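Source file query-v1.tsv; content: TSV, C-alpha atoms.
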```tsv
chain	number	residue	atom	x	y	z
A	1	MET	CA	-37.62	-9.63	48.46
A	2	THR	CA	-38.63	-11.22	45.15
A	3	LEU	CA	-42.08	-10.25	43.89
A	4	VAL	CA	-44.06	-12.94	42.02
A	5	SER	CA	-47.14	-11.90	40.07
A	6	ASN	CA	-49.27	-12.97	37.10
A	7	ASP	CA	-51.29	-9.76	37.07
A	8	PRO	CA	-52.00	-8.63	33.46
A	9	THR	CA	-51.34	-5.03	34.50
A	10	TRP	CA	-47.63	-5.87	34.42
A	11	TRP	CA	-47.67	-6.78	30.72
A	12	PRO	CA	-46.70	-3.31	29.42
A	13	LEU	CA	-43.62	-3.38	31.71
A	14	ILE	CA	-42.79	-6.93	30.60
A	15	ASN	CA	-42.94	-5.78	26.98
A	16	VAL	CA	-40.58	-2.88	27.74
A	17	TYR	CA	-38.05	-5.25	29.33
A	18	HIS	CA	-38.32	-7.65	26.39
A	19	VAL	CA	-37.63	-4.92	23.82
A	20	THR	CA	-34.79	-3.51	25.91
A	21	SER	CA	-33.18	-6.95	26.15
A	22	TYR	CA	-32.97	-7.12	22.35
A	23	PHE	CA	-31.08	-3.83	22.26
A	24	VAL	CA	-28.81	-5.04	25.09
A	25	VAL	CA	-27.87	-8.13	23.09
A	26	ALA	CA	-27.38	-6.00	19.97
A	27	SER	CA	-25.06	-3.58	21.78
A	28	ALA	CA	-23.03	-6.44	23.31
A	29	THR	CA	-22.75	-8.03	19.88
A	30	ALA	CA	-21.51	-4.75	18.41
A	31	VAL	CA	-18.80	-4.48	21.09
A	32	ALA	CA	-17.65	-8.07	20.51
A	33	TYR	CA	-17.79	-7.65	16.72
A	34	ASP	CA	-15.68	-4.49	16.88
A	35	TRP	CA	-13.10	-6.29	19.02
A	36	VAL	CA	-12.92	-9.08	16.43
A	37	LEU	CA	-12.57	-6.55	13.60
A	38	THR	CA	-9.76	-4.64	15.32
A	39	PHE	CA	-7.97	-7.63	16.84
A	40	GLY	CA	-5.43	-7.68	14.00
A	41	GLN	CA	-4.63	-4.02	14.57
A	42	GLU	CA	-4.55	-4.57	18.33
A	43	PHE	CA	-2.09	-7.45	18.00
A	44	GLU	CA	0.19	-5.49	15.67
A	45	LEU	CA	0.00	-2.07	17.34
A	46	VAL	CA	-0.32	-3.09	20.99
A	47	TRP	CA	0.75	-6.64	21.81
A	48	TRP	CA	3.54	-7.01	19.25
A	49	ILE	CA	5.09	-3.64	20.08
A	50	GLN	CA	4.98	-4.26	23.82
A	51	GLN	CA	7.12	-7.36	23.41
A	52	ARG	CA	10.06	-5.09	22.66
A	53	ARG	CA	9.45	-2.24	25.09
A	54	ARG	CA	8.05	-1.41	28.50
A	55	TRP	CA	4.33	-1.16	29.09
A	56	SER	CA	3.09	2.41	28.84
A	57	LEU	CA	0.15	4.17	30.43
A	58	MET	CA	-1.66	4.39	27.09
A	59	THR	CA	-1.33	0.65	26.50
A	60	ILE	CA	-2.61	-0.18	29.98
A	61	LEU	CA	-5.58	2.17	29.55
A	62	TYR	CA	-6.42	0.67	26.17
A	63	LEU	CA	-6.37	-2.91	27.45
A	64	CYS	CA	-8.38	-1.96	30.55
A	65	VAL	CA	-11.10	-0.33	28.45
A	66	ARG	CA	-11.23	-3.37	26.15
A	67	CYS	CA	-11.46	-5.88	29.01
A	68	ILE	CA	-14.00	-3.83	30.95
A	69	GLY	CA	-16.08	-3.52	27.79
A	70	ILE	CA	-16.36	-7.30	27.41
A	71	LEU	CA	-17.14	-7.81	31.10
A	72	TYR	CA	-19.68	-4.96	31.08
A	73	SER	CA	-21.47	-6.49	28.09
A	74	VAL	CA	-21.66	-9.91	29.77
A	75	LEU	CA	-23.08	-8.41	32.97
A	76	ASN	CA	-25.50	-6.32	30.94
A	77	ILE	CA	-26.87	-9.41	29.23
A	78	ALA	CA	-27.08	-11.35	32.50
A	79	SER	CA	-29.16	-8.62	34.14
A	80	SER	CA	-31.42	-8.00	31.13
A	81	ILE	CA	-32.34	-11.40	29.71
A	82	PRO	CA	-35.86	-12.33	30.95
A	83	SER	CA	-34.97	-16.01	31.20
A	84	VAL	CA	-32.11	-15.44	33.69
A	85	SER	CA	-33.08	-15.44	37.38
A	86	LEU	CA	-31.08	-13.23	39.76
A	87	THR	CA	-31.58	-12.60	43.45
A	88	ASP	CA	-32.08	-9.08	44.79
A	89	LEU	CA	-28.51	-9.01	46.11
A	90	VAL	CA	-26.97	-10.25	42.86
A	91	SER	CA	-29.03	-7.77	40.83
A	92	THR	CA	-27.90	-4.91	43.04
A	93	ILE	CA	-24.24	-5.96	42.86
A	94	ILE	CA	-24.32	-6.30	39.06
A	95	ASN	CA	-25.97	-2.92	38.52
A	96	PHE	CA	-23.66	-1.13	40.95
A	97	THR	CA	-20.69	-2.78	39.22
A	98	GLN	CA	-21.91	-1.53	35.86
A	99	LEU	CA	-22.45	1.95	37.26
A	100	TRP	CA	-18.88	2.23	38.52
A	101	MET	CA	-17.49	0.54	35.40
A	102	SER	CA	-19.01	3.33	33.31
A	103	PHE	CA	-17.57	5.94	35.63
A	104	ILE	CA	-14.07	4.41	35.55
A	105	VAL	CA	-14.03	3.88	31.78
A	106	ASN	CA	-15.08	7.46	31.05
A	107	ALA	CA	-12.34	8.65	33.42
A	108	MET	CA	-9.79	6.49	31.54
A	109	LEU	CA	-10.94	7.89	28.21
A	110	SER	CA	-10.55	11.40	29.60
A	111	VAL	CA	-6.93	10.58	30.52
A	112	ILE	CA	-6.35	9.47	26.92
A	113	MET	CA	-7.82	12.76	25.68
A	114	ILE	CA	-5.61	14.71	28.09
A	115	THR	CA	-2.54	12.88	26.75
A	116	ARG	CA	-3.51	13.76	23.19
A	117	LEU	CA	-4.01	17.42	24.13
A	118	TYR	CA	-0.66	17.45	25.91
A	119	ALA	CA	0.97	16.26	22.70
A	120	MET	CA	-0.94	18.72	20.53
A	121	TYR	CA	0.11	21.64	22.77
A	122	GLN	CA	3.80	20.63	22.50
A	123	ARG	CA	4.02	19.41	26.10
A	124	SER	CA	2.89	22.71	27.57
A	125	ARG	CA	2.99	22.48	31.36
A	126	LYS	CA	0.44	25.26	31.77
A	127	MET	CA	-2.04	23.47	29.53
A	128	LEU	CA	-1.37	20.16	31.27
A	129	ILE	CA	-1.95	21.66	34.71
A	130	PHE	CA	-5.14	23.37	33.55
A	131	VAL	CA	-6.74	20.27	32.01
A	132	VAL	CA	-5.62	17.96	34.83
A	133	VAL	CA	-7.01	20.27	37.53
A	134	THR	CA	-10.27	20.66	35.60
A	135	PHE	CA	-10.46	16.91	35.03
A	136	LEU	CA	-9.89	16.14	38.71
A	137	ALA	CA	-12.52	18.68	39.78
A	138	VAL	CA	-15.15	17.27	37.40
A	139	THR	CA	-14.27	13.64	38.13
A	140	ILE	CA	-14.31	14.08	41.91
A	141	ALA	CA	-17.63	15.93	41.72
A	142	CYS	CA	-19.17	13.22	39.53
A	143	GLY	CA	-17.72	10.52	41.77
A	144	VAL	CA	-19.26	12.09	44.87
A	145	ILE	CA	-22.59	12.44	43.07
A	146	ALA	CA	-22.44	8.78	41.99
A	147	ALA	CA	-21.60	7.65	45.52
A	148	VAL	CA	-24.43	9.69	47.04
A	149	GLY	CA	-26.87	8.51	44.39
A	150	SER	CA	-25.87	4.88	44.92
A	151	SER	CA	-26.95	5.08	48.55
A	152	TYR	CA	-30.53	5.72	47.40
A	153	LEU	CA	-30.66	2.88	44.87
A	154	SER	CA	-31.33	-0.83	45.09
A	155	TRP	CA	-32.60	-3.49	42.71
A	156	GLU	CA	-35.31	-6.05	43.22
A	157	GLU	CA	-36.09	-9.18	41.21
A	158	LEU	CA	-39.58	-9.41	39.75
A	159	VAL	CA	-41.04	-12.68	38.49
A	160	LEU	CA	-43.77	-11.52	36.14
A	161	THR	CA	-45.76	-14.12	34.20
A	162	GLY	CA	-42.81	-16.49	34.21
A	163	THR	CA	-40.18	-13.88	33.23
A	164	TYR	CA	-37.43	-12.48	35.46
A	165	GLN	CA	-36.86	-8.73	35.61
A	166	CYS	CA	-34.51	-6.50	37.62
A	167	PHE	CA	-36.49	-3.52	38.88
A	168	ARG	CA	-34.71	-0.44	40.23
A	169	LYS	CA	-35.94	1.10	43.45
A	170	GLY	CA	-35.06	4.70	44.27
A	171	GLU	CA	-34.99	8.04	42.45
A	172	VAL	CA	-31.83	10.03	41.64
A	173	ARG	CA	-33.03	12.06	38.67
A	174	LEU	CA	-31.60	15.39	39.84
A	175	LEU	CA	-28.19	13.96	40.78
A	176	THR	CA	-27.91	12.15	37.45
A	177	THR	CA	-28.75	15.34	35.57
A	178	VAL	CA	-26.08	17.34	37.40
A	179	ALA	CA	-23.44	14.65	36.81
A	180	TRP	CA	-24.14	14.43	33.08
A	181	ILE	CA	-24.13	18.21	32.68
A	182	LEU	CA	-20.71	18.44	34.35
A	183	ALA	CA	-19.32	15.62	32.20
A	184	THR	CA	-20.70	17.19	29.02
A	185	ILE	CA	-19.13	20.56	29.88
A	186	TRP	CA	-15.80	18.78	30.32
A	187	GLU	CA	-16.07	17.12	26.90
A	188	ILE	CA	-16.99	20.43	25.27
A	189	LEU	CA	-13.94	22.07	26.86
A	190	ILE	CA	-11.63	19.32	25.57
A	191	LEU	CA	-13.08	19.58	22.07
A	192	CYS	CA	-12.70	23.37	22.00
A	193	LEU	CA	-9.06	23.13	23.11
A	194	ALA	CA	-8.34	20.55	20.41
A	195	VAL	CA	-10.02	22.57	17.65
A	196	TRP	CA	-8.23	25.75	18.76
A	197	ILE	CA	-4.73	24.24	18.60
A	198	VAL	CA	-5.45	22.60	15.23
A	199	VAL	CA	-6.61	25.89	13.72
A	200	LYS	CA	-3.61	27.68	15.21
A	201	HIS	CA	-1.06	25.25	13.78
A	202	PHE	CA	-2.71	25.15	10.37
A	203	ARG	CA	-2.27	28.93	10.23
A	204	GLU	CA	1.38	28.62	11.25
A	205	LEU	CA	2.03	26.01	8.58
A	206	ARG	CA	0.92	28.11	5.61
A	207	ARG	CA	4.50	28.66	4.54
A	208	PRO	CA	5.90	25.76	2.49
A	209	SER	CA	8.17	23.42	4.41
A	210	ARG	CA	9.35	19.85	4.18
A	211	GLY	CA	7.53	18.77	7.33
A	212	ARG	CA	4.28	20.61	6.63
A	213	ARG	CA	2.42	17.66	5.09
A	214	THR	CA	3.37	15.30	7.92
A	215	ILE	CA	2.19	17.68	10.64
A	216	GLU	CA	-1.04	18.52	8.81
A	217	ASN	CA	-1.85	14.84	8.35
A	218	TRP	CA	-1.05	14.19	12.00
A	219	PHE	CA	-3.41	16.89	13.24
A	220	THR	CA	-6.08	15.78	10.78
A	221	ALA	CA	-5.90	12.24	12.15
A	222	LEU	CA	-6.19	13.52	15.71
A	223	ILE	CA	-9.07	15.89	15.14
A	224	LYS	CA	-11.13	13.40	13.09
A	225	THR	CA	-11.16	10.79	15.85
A	226	HIS	CA	-11.64	13.49	18.48
A	227	VAL	CA	-14.70	15.00	16.76
A	228	LEU	CA	-16.21	11.56	16.12
A	229	TYR	CA	-15.79	10.58	19.76
A	230	PHE	CA	-17.24	13.88	20.95
A	231	ALA	CA	-20.24	13.49	18.64
A	232	ALA	CA	-20.92	10.06	20.16
A	233	TYR	CA	-20.53	11.41	23.70
A	234	ALA	CA	-22.80	14.35	22.96
A	235	SER	CA	-25.42	11.96	21.59
A	236	VAL	CA	-25.25	9.82	24.73
A	237	SER	CA	-25.54	12.92	26.91
A	238	CYS	CA	-28.60	14.18	25.03
A	239	PHE	CA	-30.28	10.77	25.11
A	240	THR	CA	-29.52	10.37	28.82
A	241	LEU	CA	-30.83	13.80	29.76
A	242	GLY	CA	-33.92	13.15	27.63
A	243	TYR	CA	-34.48	9.80	29.32
A	244	LEU	CA	-34.62	11.53	32.69
A	245	SER	CA	-37.92	13.07	31.59
A	246	PRO	CA	-40.87	11.29	33.24
A	247	LYS	CA	-42.65	11.25	29.88
A	248	ILE	CA	-39.99	8.85	28.57
A	249	SER	CA	-38.72	6.94	31.60
A	250	GLY	CA	-42.25	6.36	32.86
A	251	SER	CA	-43.74	5.45	29.49
A	252	SER	CA	-44.27	1.98	28.01
A	253	SER	CA	-44.97	3.18	24.47
A	254	VAL	CA	-43.13	1.83	21.43
A	255	GLY	CA	-41.35	5.16	20.98
A	256	ALA	CA	-40.06	5.11	24.56
A	257	GLU	CA	-38.86	1.52	24.13
A	258	ILE	CA	-36.91	2.42	20.99
A	259	TYR	CA	-35.51	5.50	22.73
A	260	VAL	CA	-34.16	3.42	25.62
A	261	GLY	CA	-32.72	0.90	23.16
A	262	VAL	CA	-30.90	3.56	21.15
A	263	LEU	CA	-29.50	4.99	24.39
A	264	GLU	CA	-28.23	1.53	25.34
A	265	ILE	CA	-26.45	1.05	22.02
A	266	THR	CA	-24.92	4.53	21.79
A	267	SER	CA	-23.63	4.31	25.38
A	268	LEU	CA	-21.70	1.11	24.75
A	269	LEU	CA	-20.43	2.26	21.36
A	270	GLN	CA	-19.13	5.50	22.86
A	271	MET	CA	-17.27	3.81	25.71
A	272	PHE	CA	-16.14	0.47	24.30
A	273	VAL	CA	-15.88	0.99	20.53
A	274	LEU	CA	-14.95	4.61	19.82
A	275	GLY	CA	-12.95	4.83	23.06
A	276	PRO	CA	-10.36	2.17	22.14
A	277	ARG	CA	-10.30	3.39	18.56
A	278	LEU	CA	-9.08	6.79	19.80
A	279	MET	CA	-5.68	5.26	20.39
A	280	LEU	CA	-5.65	2.62	17.66
A	281	SER	CA	-6.30	5.19	14.94
A	282	VAL	CA	-3.38	7.35	16.03
A	283	ARG	CA	-1.06	4.37	16.43
A	284	GLU	CA	-2.01	3.09	13.00
A	285	TYR	CA	-1.32	6.45	11.38
A	286	HIS	CA	2.01	6.82	13.13
A	287	ALA	CA	3.02	3.26	12.20
A	288	LYS	CA	2.61	4.19	8.55
A	289	LEU	CA	5.06	7.06	8.95
A	290	SER	CA	7.77	5.32	10.92
A	291	THR	CA	8.75	1.82	11.96
A	292	ASN	CA	10.21	3.24	15.16
A	293	TYR	CA	6.90	3.72	16.95
A	294	ASP	CA	6.86	5.76	20.11
A	295	GLU	CA	4.17	6.20	22.77
A	296	GLY	CA	1.69	8.96	23.57
A	297	THR	CA	3.09	12.46	23.47
A	298	ALA	CA	6.46	11.45	22.01
A	299	MET	CA	4.71	10.73	18.72
A	300	THR	CA	4.01	14.37	17.95
A	301	THR	CA	7.20	15.65	19.55
A	302	ILE	CA	9.26	14.35	16.62
A	303	ALA	CA	7.09	16.21	14.12
A	304	PHE	CA	7.04	19.37	16.22
A	305	GLN	CA	10.83	19.33	16.70
A	306	GLU	CA	11.29	19.04	12.95
A	307	HIS	CA	8.90	21.94	12.40
A	308	VAL	CA	10.57	24.14	15.03
A	309	HIS	CA	14.02	23.37	13.60
A	310	MET	CA	12.90	24.35	10.09
A	311	VAL	CA	11.28	27.58	11.28
A	312	SER	CA	14.41	28.61	13.19
A	313	THR	CA	16.59	27.76	10.17
A	314	GLU	CA	14.43	29.85	7.88
A	315	GLY	CA	14.64	32.70	10.41
A	316	ARG	CA	18.44	32.62	10.35
A	317	LEU	CA	18.47	32.61	6.57
```

Please render this file's structure as structure tokens.
Amino acid sequence: MTLVSNDPTWWPLINVYHVTSYFVVASATAVAYDWVLTFGQEFELVWWIQQRRRWSLMTILYLCVRCIGILYSVLNIASSIPSVSLTDLVSTIINFTQLWMSFIVNAMLSVIMITRLYAMYQRSRKMLIFVVVTFLAVTIACGVIAAVGSSYLSWEELVLTGTYQCFRKGEVRLLTTVAWILATIWEILILCLAVWIVVKHFRELRRPSRGRRTIENWFTALIKTHVLYFAAYASVSCFTLGYLSPKISGSSSVGAEIYVGVLEITSLLQMFVLGPRLMLSVREYHAKLSTNYDEGTAMTTIAFQEHVHMVSTEGRL
């Protein structure tokens, strides 16, 4: 039921919503601007290549993340702009849609990270089974937590001094904390596995060889994007866990408003800017090395096969 009020006691909350809406528009603009900036790369490395070969899992994941990012930004603006009126049902549907969009996109990005690890570990079945089982356990647990938490949440439209606000009803602080801790542990595990294999291969490549520079550059390209993405995810996790504190979520101070705004921007950048760039950066690097581009794990297989062949040749000599 829509609540209409002109009570001055609501003004601090109105101010919070106004400031948050500015950050929402800024984050949506950043997502759209990044898509415009990378559209040339996307056309060359995704659309143009797919005209000559079958659609791969990585391509589908990339396009899904891009499309969901645009839709998420539009819904975010619609639910945050004070001049847009939404019914209680529409507000609830939009916010639930955004909640599950975030869950699905982060799962897709995890699949991309698993594919990269699979390539870095030379298609090791043991490593693949380990990360997939861990990923499924964490994802299912977070999915169950999200489903349970959703049953306690609803959104109500508030008409406060002529402005329209979507107000959340329900409290799931503990469930949200557990879900974010599990997701952060998963990201830390993936980062550690990536750093370990990079250090291991750099040690193995100390001896001069014709393919050494190519493999080193390949691993450098992988680890740079991986660390950057993890840094963004870690920032989002810290901001989210901090926001769960009543001193921040229940405050209407300027500092709390800025905090919520920064969380809004970093969340969208992590999912819809750095996420797609995980694949574009690798494709761009590989395109510079060879005109015969190959997908996912096959990219590193060529370099690894060359390295293994050279090592075995040196051993025979």

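Between CA of Val260 in chain A and CA of Ser73 in chain A the separation is 16.3 Å.
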
Hey, what's within 12 Å of Ala107 in chain A if we count all atoms listed in the file and toss same-chain stuff fewer than 6 positions away? As a PDB file with C-alpha atoms, keeping the file's coordinate frame, please?
```
ATOM      1  CA  LEU A  61      -5.580   2.170  29.550  1.00  0.00           C
ATOM      2  CA  CYS A  64      -8.380  -1.960  30.550  1.00  0.00           C
ATOM      3  CA  VAL A  65     -11.100  -0.330  28.450  1.00  0.00           C
ATOM      4  CA  TRP A 100     -18.880   2.230  38.520  1.00  0.00           C
ATOM      5  CA  MET A 101     -17.490   0.540  35.400  1.00  0.00           C
ATOM      6  CA  MET A 113      -7.820  12.760  25.680  1.00  0.00           C
ATOM      7  CA  ILE A 114      -5.610  14.710  28.090  1.00  0.00           C
ATOM      8  CA  VAL A 132      -5.620  17.960  34.830  1.00  0.00           C
ATOM      9  CA  PHE A 135     -10.460  16.910  35.030  1.00  0.00           C
ATOM     10  CA  LEU A 136      -9.890  16.140  38.710  1.00  0.00           C
ATOM     11  CA  ALA A 137     -12.520  18.680  39.780  1.00  0.00           C
ATOM     12  CA  VAL A 138     -15.150  17.270  37.400  1.00  0.00           C
ATOM     13  CA  THR A 139     -14.270  13.640  38.130  1.00  0.00           C
ATOM     14  CA  ILE A 140     -14.310  14.080  41.910  1.00  0.00           C
ATOM     15  CA  CYS A 142     -19.170  13.220  39.530  1.00  0.00           C
ATOM     16  CA  GLY A 143     -17.720  10.520  41.770  1.00  0.00           C
ATOM     17  CA  ALA A 183     -19.320  15.620  32.200  1.00  0.00           C
ATOM     18  CA  TRP A 186     -15.800  18.780  30.320  1.00  0.00           C
ATOM     19  CA  GLU A 187     -16.070  17.120  26.900  1.00  0.00           C
ATOM     20  CA  MET A 271     -17.270   3.810  25.710  1.00  0.00           C
ATOM     21  CA  GLY A 275     -12.950   4.830  23.060  1.00  0.00           C
TER      22      GLY A 275
END
```

So how far away is CA of Leu71 in chain A from CA of Ile112 in chain A, in Å?
20.8 Å

Using all atoms listed in the file, the best pick from A:Ile181, A:Leu13, A:Leu175, A:Ile104 as closest to Val236 in chain A would be A:Ile181

Considering all atoms listed in the file, return as a PyMOL selection string whatever protein or nucleic-acid residues lie within 12 Å of Ser150 in chain A, sequence-local ones (same chain, fewer than 5 positions apart) excluded.
chain A and resi 92-93+95-100+142-145+155+168-173+175-176

For Val46 in chain A, list every protein, DNA or RNA residue within 10 Å, evaluated using only C-alpha atoms, and leave out those in the same chain fewer than 3 positions away; present the list as an mmCIF file with C-alpha atoms, in the coordinates of the input.
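Final output, part-v9.cif:
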```cif
data_model
loop_
_atom_site.group_PDB
_atom_site.id
_atom_site.type_symbol
_atom_site.label_atom_id
_atom_site.label_comp_id
_atom_site.auth_asym_id
_atom_site.auth_seq_id
_atom_site.Cartn_x
_atom_site.Cartn_y
_atom_site.Cartn_z
ATOM 1 C CA PHE A 39 -7.970 -7.630 16.840
ATOM 2 C CA GLY A 40 -5.430 -7.680 14.000
ATOM 3 C CA GLN A 41 -4.630 -4.020 14.570
ATOM 4 C CA GLU A 42 -4.550 -4.570 18.330
ATOM 5 C CA PHE A 43 -2.090 -7.450 18.000
ATOM 6 C CA ILE A 49 5.090 -3.640 20.080
ATOM 7 C CA GLN A 50 4.980 -4.260 23.820
ATOM 8 C CA GLN A 51 7.120 -7.360 23.410
ATOM 9 C CA TRP A 55 4.330 -1.160 29.090
ATOM 10 C CA MET A 58 -1.660 4.390 27.090
ATOM 11 C CA THR A 59 -1.330 0.650 26.500
ATOM 12 C CA ILE A 60 -2.610 -0.180 29.980
ATOM 13 C CA TYR A 62 -6.420 0.670 26.170
ATOM 14 C CA LEU A 63 -6.370 -2.910 27.450
ATOM 15 C CA MET A 279 -5.680 5.260 20.390
ATOM 16 C CA LEU A 280 -5.650 2.620 17.660
ATOM 17 C CA ARG A 283 -1.060 4.370 16.430
#
```

Could you jot down the CA of Trp180 in chain A to CA of Thr29 in chain A separation for me, Å, one decimal place?
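Between these atoms lies a distance of 26.1 Å.
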
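Distance annotation: of A:Thr240, A:Thr163, A:Asn76, A:Thr87, the residue with the minimal separation from Ala26 in chain A is A:Asn76; atom set is only C-alpha atoms.
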
Need the neighbours of (-40.0, 7.3, 29.2): which residues are at most 12 Å away, counting all atoms listed in the file, as JSON, numbers by chain?
{"A": [13, 16, 239, 240, 241, 242, 243, 244, 245, 246, 247, 248, 249, 250, 251, 252, 253, 254, 255, 256, 257, 258, 259, 260, 261, 263]}

Distance query Val24 in chain A at most 7 Å, only C-alpha atoms, self and fewer than 4 positions along chain excluded, as a list in words
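Contacts, with the query itself left out: Thr20, Ala28, Asn76, Ile77 and Glu264 of chain A.
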
Keeping C-alpha atoms, export the residues of the selection given above as a PDB file, in the frame of the given file.
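result-v3.pdb was written with the following content:
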```
ATOM      1  CA  THR A  20     -34.790  -3.510  25.910  1.00  0.00           C
ATOM      2  CA  ALA A  28     -23.030  -6.440  23.310  1.00  0.00           C
ATOM      3  CA  ASN A  76     -25.500  -6.320  30.940  1.00  0.00           C
ATOM      4  CA  ILE A  77     -26.870  -9.410  29.230  1.00  0.00           C
ATOM      5  CA  GLU A 264     -28.230   1.530  25.340  1.00  0.00           C
TER       6      GLU A 264
END
```

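Closest approach to Ala234 in chain A from the set A:Ile185, A:Cys192, A:Ile197, A:Leu153 is made by A:Ile185, with distances taken over only C-alpha atoms.
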